[in-house]
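Chemist: Could you have a look at this structure, given as structure tokens, before my questions?
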Amino acid sequence: MDAIEVEGLKRRYAGPVRAGRRAGAAEGGFEAVRDISFSVREGEIFALLGTNGAGKTSTVEVLEGLARPSAGTVRVLGLDPFGERALVRPRTGVMLQEGGFPSELTVAETAAMWAGVTSDARPPGEALELVGLGGRTGVRVKQLSGGERRRLDLALALIGRPEVLFLDEPTTGMDPEGRRDTADLVRGLRAEGTTVLLTTHYLEEAEQLADRLAIMQAGRIVASGTPDQVVAQRPSRITFRLPAGVAPERLPLSVPAAADGRSVTVKTHELQPALTDLLLWARENGVALEGLQARSASLEEAFLEIAQAGNRPGHGDERAVMEVPA
């Protein structure tokens with residue numbers, strides 16, 4: 001069953017119409033989200049990725065019930081998060097990019113205040129222990145580090161025992177230990193049945209955490225699927241340097257290579273056969289491949305390739321969309 005359903009979502013911001021408007025501009029304003037559809041299953045971690053301005057926050061704000069869609073339908077737990085906000089809000093947790101809590105309150109006072117206006121709240125101390133702030137309860141919010149403030153934001157998002165949890169850049173400002181602890185906590189929530197939708201600029205974090213993901217560009221979803229499915233659309237890479245006097249043209253025909261002087265890069269969707277052919281050729285011809293490296297594609301490479309394609313002239317409404325079946 002789907003905890004989140006998005007069908008044909010558009011979100012437009014009102015504004016003056018200007019000549020020569022860029023892709024995404026619409027008559028009477030700017031269209032930040034341009035007819036997207038996706039779903040998130042119950043108990044799933046779903047990552048929504050994209051460069052700044054891609055439309056992630058505009059999408060998440062609609063899902064959180066903070067804004068009405070300009071077109072399309074959105075359902076969270078089967079309900080309209082804007083029109084039926086009073087029913088949806090007690091069942092969801094929201095971690096915004098900025099919490100904006102009173103700086104003079106202590107950590108414990110802030111958690112107690114939040115629990116006081118939350119239905120079926122966890123004990124504030126329990127929520128703070130979950131995020132590693134149990135030893136910082138007497139510290140004022142203004143004295144917390146950036147990473148500790150993010151931990152406090154997360155604790156307050158968890159106080160209501162949410163069925164659906166929205167995490168907007170949850171680990172920004174955290175040190176590596178904080179990011180690891182947060183990832184472990186999110187996995188634990190999923191194991192308990194919580195549905196998590198997160199946005200993040202840490203692509204390794206998304207690759208490790210997400211069951212499925214979608215990449216947005218200029219208000220559209222341009223790639224979706226499991227991390228492995230999205231990455232599999234990009235070629236693996238073999239790099240090395242040829243010895244002086246060995247021309248790239250001597251490489252085996254089965255290895256499609258691009259050379260810049262002695263440096264050679266091979267891009268292939270069949271890494272093992274290409275690497276095998278290359279190594280056999282090198283042995284048979286007594287060629288030493290200096291600095292030989294072979295690696296599969298990563299989510300970061302896929303993401304950057306999509307972002308770069310979106311920034312090229314001529315890539316607007318006509319941009320190719322890659323949909324990978326889940």
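Order determines the names: the first chain of the structure tokens is A, the second B, and so forth; residues in each chain are numbered 1 upward, and ligands are numbered 1 upward as they are shown.
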Any idea what's packed within 8 Å of A:Ala157, counting only C-alpha atoms, ignoring anything in its chain fewer than 5 positions away? Could you give it as a PDB file with C-alpha atoms, in the first residue's frame?
Modeler:
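This went into result-v9.pdb:
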ATOM      1  CA  GLY A  93       6.525  14.372  11.383  1.00  0.00           C
ATOM      2  CA  VAL A  94       8.279  17.243   9.629  1.00  0.00           C
ATOM      3  CA  MET A  95      11.926  18.249   9.873  1.00  0.00           C
ATOM      4  CA  PRO A 162       4.823   9.764  13.006  1.00  0.00           C
ATOM      5  CA  LEU A 165       8.298  11.373   8.348  1.00  0.00           C
TER       6      LEU A 165
END
Chemist: Could you pull the residues within 12 Å of stretch 260-273 of chain A, counting only C-alpha atoms, minus those fewer than 2 positions along the same chain, as a ChimeraX atom specification?
Modeler: /A:231-249,251-258,275-280,289-297
Chemist: Could you write out, as a PDB file with N, CA and C atoms, in the first residue's frame, all the residues of stretch 38-67 of chain A that DSSP marks as alpha helix (DSSP H)?
Modeler:
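Output (selection-v1.pdb):
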ATOM      1  N   LYS A  56      12.417  20.452  -5.431  1.00  0.00           N
ATOM      2  CA  LYS A  56      12.248  19.511  -4.314  1.00  0.00           C
ATOM      3  C   LYS A  56      11.430  20.114  -3.185  1.00  0.00           C
ATOM      4  N   THR A  57      11.869  21.294  -2.711  1.00  0.00           N
ATOM      5  CA  THR A  57      11.193  21.918  -1.569  1.00  0.00           C
ATOM      6  C   THR A  57       9.767  22.283  -1.920  1.00  0.00           C
ATOM      7  N   SER A  58       9.547  22.768  -3.135  1.00  0.00           N
ATOM      8  CA  SER A  58       8.188  23.103  -3.558  1.00  0.00           C
ATOM      9  C   SER A  58       7.291  21.864  -3.543  1.00  0.00           C
ATOM     10  N   THR A  59       7.852  20.719  -3.895  1.00  0.00           N
ATOM     11  CA  THR A  59       7.093  19.465  -3.864  1.00  0.00           C
ATOM     12  C   THR A  59       6.818  19.035  -2.433  1.00  0.00           C
ATOM     13  N   VAL A  60       7.844  19.052  -1.602  1.00  0.00           N
ATOM     14  CA  VAL A  60       7.692  18.574  -0.228  1.00  0.00           C
ATOM     15  C   VAL A  60       6.723  19.450   0.553  1.00  0.00           C
ATOM     16  N   GLU A  61       6.730  20.753   0.304  1.00  0.00           N
ATOM     17  CA  GLU A  61       5.792  21.640   1.001  1.00  0.00           C
ATOM     18  C   GLU A  61       4.344  21.276   0.704  1.00  0.00           C
ATOM     19  N   VAL A  62       4.071  20.835  -0.514  1.00  0.00           N
ATOM     20  CA  VAL A  62       2.711  20.377  -0.846  1.00  0.00           C
ATOM     21  C   VAL A  62       2.397  19.093  -0.086  1.00  0.00           C
ATOM     22  N   LEU A  63       3.356  18.174  -0.034  1.00  0.00           N
ATOM     23  CA  LEU A  63       3.138  16.909   0.677  1.00  0.00           C
ATOM     24  C   LEU A  63       2.921  17.143   2.168  1.00  0.00           C
TER      25      LEU A  63
END
Chemist: Quick one: of A:Leu49, A:Val186, A:Leu154, A:Val131, who's nearest to A:Glu98, counting only C-alpha atoms?
Modeler: A:Leu154
Chemist: Using only C-alpha atoms, which residues sit within 9 Å of stretch 53-55 of chain A once same-chain residues fewer than 4 positions away are excluded, as a short mmCIF file (atom, residue, chain, number, x, y, z; two decimals) with N, CA, C and O atoms, in the first residue's frame?
Modeler:
data_model
loop_
_atom_site.label_atom_id
_atom_site.label_comp_id
_atom_site.auth_asym_id
_atom_site.auth_seq_id
_atom_site.Cartn_x
_atom_site.Cartn_y
_atom_site.Cartn_z
N ARG A 11 3.07 23.00 -9.37
CA ARG A 11 3.02 24.10 -8.42
C ARG A 11 3.57 25.35 -9.09
O ARG A 11 4.71 25.36 -9.54
N ALA A 32 7.28 25.88 -10.70
CA ALA A 32 8.41 25.24 -10.03
C ALA A 32 8.33 23.73 -10.10
O ALA A 32 9.34 23.04 -10.07
N VAL A 33 7.10 23.19 -10.13
CA VAL A 33 6.89 21.74 -10.23
C VAL A 33 6.00 21.51 -11.44
O VAL A 33 4.91 22.08 -11.54
N ARG A 34 6.44 20.64 -12.34
CA ARG A 34 5.86 20.60 -13.67
C ARG A 34 5.34 19.20 -14.01
O ARG A 34 5.99 18.43 -14.71
N LEU A 49 15.79 13.90 -4.89
CA LEU A 49 17.07 14.56 -5.11
C LEU A 49 16.96 15.60 -6.22
O LEU A 49 16.07 15.54 -7.06
N THR A 59 7.85 20.72 -3.89
CA THR A 59 7.09 19.46 -3.86
C THR A 59 6.82 19.04 -2.43
O THR A 59 5.67 18.70 -2.08
N VAL A 60 7.84 19.05 -1.60
CA VAL A 60 7.69 18.57 -0.23
C VAL A 60 6.72 19.45 0.55
O VAL A 60 5.95 18.96 1.38
N ILE A 215 15.09 11.76 -9.10
CA ILE A 215 15.94 12.93 -9.32
C ILE A 215 15.14 13.96 -10.10
O ILE A 215 14.59 13.65 -11.16
N MET A 216 15.06 15.18 -9.56
CA MET A 216 14.32 16.26 -10.21
C MET A 216 15.29 17.21 -10.90
O MET A 216 16.40 17.44 -10.45
N GLN A 217 14.83 17.75 -12.02
CA GLN A 217 15.58 18.76 -12.76
C GLN A 217 14.57 19.69 -13.39
O GLN A 217 13.67 19.26 -14.12
N ALA A 218 14.67 20.98 -13.09
CA ALA A 218 13.78 22.00 -13.66
C ALA A 218 12.31 21.65 -13.47
O ALA A 218 11.50 21.82 -14.38
N GLY A 219 11.98 21.15 -12.28
CA GLY A 219 10.58 20.89 -11.96
C GLY A 219 10.04 19.58 -12.42
O GLY A 219 8.85 19.29 -12.20
N ARG A 220 10.84 18.76 -13.08
CA ARG A 220 10.39 17.46 -13.56
C ARG A 220 11.21 16.34 -12.93
O ARG A 220 12.35 16.54 -12.53
#
Chemist: I need the strand (DSSP E) residues of stretch 62-163 of chain A per DSSP on the backbone, written as a PDB file with N, CA, C and O atoms, in the first residue's frame.
Modeler:
ATOM      1  N   ALA A  71      -2.126  22.172  -9.592  1.00  0.00           N
ATOM      2  CA  ALA A  71      -2.848  21.174 -10.395  1.00  0.00           C
ATOM      3  C   ALA A  71      -2.390  19.804  -9.922  1.00  0.00           C
ATOM      4  O   ALA A  71      -1.344  19.653  -9.287  1.00  0.00           O
ATOM      5  N   GLY A  72      -3.183  18.777 -10.232  1.00  0.00           N
ATOM      6  CA  GLY A  72      -2.841  17.419  -9.839  1.00  0.00           C
ATOM      7  C   GLY A  72      -3.383  17.073  -8.464  1.00  0.00           C
ATOM      8  O   GLY A  72      -4.029  17.894  -7.798  1.00  0.00           O
ATOM      9  N   THR A  73      -3.105  15.847  -8.038  1.00  0.00           N
ATOM     10  CA  THR A  73      -3.594  15.376  -6.746  1.00  0.00           C
ATOM     11  C   THR A  73      -2.441  14.829  -5.910  1.00  0.00           C
ATOM     12  O   THR A  73      -1.484  14.260  -6.441  1.00  0.00           O
ATOM     13  N   VAL A  74      -2.568  15.010  -4.612  1.00  0.00           N
ATOM     14  CA  VAL A  74      -1.590  14.512  -3.654  1.00  0.00           C
ATOM     15  C   VAL A  74      -2.355  13.864  -2.505  1.00  0.00           C
ATOM     16  O   VAL A  74      -3.331  14.431  -2.004  1.00  0.00           O
ATOM     17  N   ARG A  75      -1.919  12.676  -2.098  1.00  0.00           N
ATOM     18  CA  ARG A  75      -2.519  11.996  -0.957  1.00  0.00           C
ATOM     19  C   ARG A  75      -1.406  11.495  -0.030  1.00  0.00           C
ATOM     20  O   ARG A  75      -0.430  10.891  -0.483  1.00  0.00           O
ATOM     21  N   VAL A  76      -1.583  11.770   1.258  1.00  0.00           N
ATOM     22  CA  VAL A  76      -0.697  11.255   2.285  1.00  0.00           C
ATOM     23  C   VAL A  76      -1.566  10.456   3.245  1.00  0.00           C
ATOM     24  O   VAL A  76      -2.529  10.985   3.803  1.00  0.00           O
ATOM     25  N   THR A  92       1.973  12.744  10.939  1.00  0.00           N
ATOM     26  CA  THR A  92       3.211  12.981  10.211  1.00  0.00           C
ATOM     27  C   THR A  92       4.196  13.753  11.077  1.00  0.00           C
ATOM     28  O   THR A  92       3.817  14.469  12.006  1.00  0.00           O
ATOM     29  N   GLY A  93       5.467  13.599  10.756  1.00  0.00           N
ATOM     30  CA  GLY A  93       6.525  14.372  11.383  1.00  0.00           C
ATOM     31  C   GLY A  93       7.263  15.147  10.316  1.00  0.00           C
ATOM     32  O   GLY A  93       7.480  14.623   9.216  1.00  0.00           O
ATOM     33  N   VAL A  94       7.645  16.375  10.616  1.00  0.00           N
ATOM     34  CA  VAL A  94       8.279  17.243   9.629  1.00  0.00           C
ATOM     35  C   VAL A  94       9.558  17.830  10.213  1.00  0.00           C
ATOM     36  O   VAL A  94       9.539  18.439  11.287  1.00  0.00           O
ATOM     37  N   MET A  95      10.650  17.635   9.512  1.00  0.00           N
ATOM     38  CA  MET A  95      11.926  18.249   9.873  1.00  0.00           C
ATOM     39  C   MET A  95      12.298  19.218   8.754  1.00  0.00           C
ATOM     40  O   MET A  95      12.697  18.808   7.666  1.00  0.00           O
TER      41      MET A  95
END
Chemist: For each of A:Arg190, A:Arg283, A:His201, A:Lys10, take the minimum atom-to-atom distance to A:Val164, counting only C-alpha atoms, then give the residue where this is smallest.
Modeler: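 For A:Val164, the nearest of the candidates is A:Arg190.
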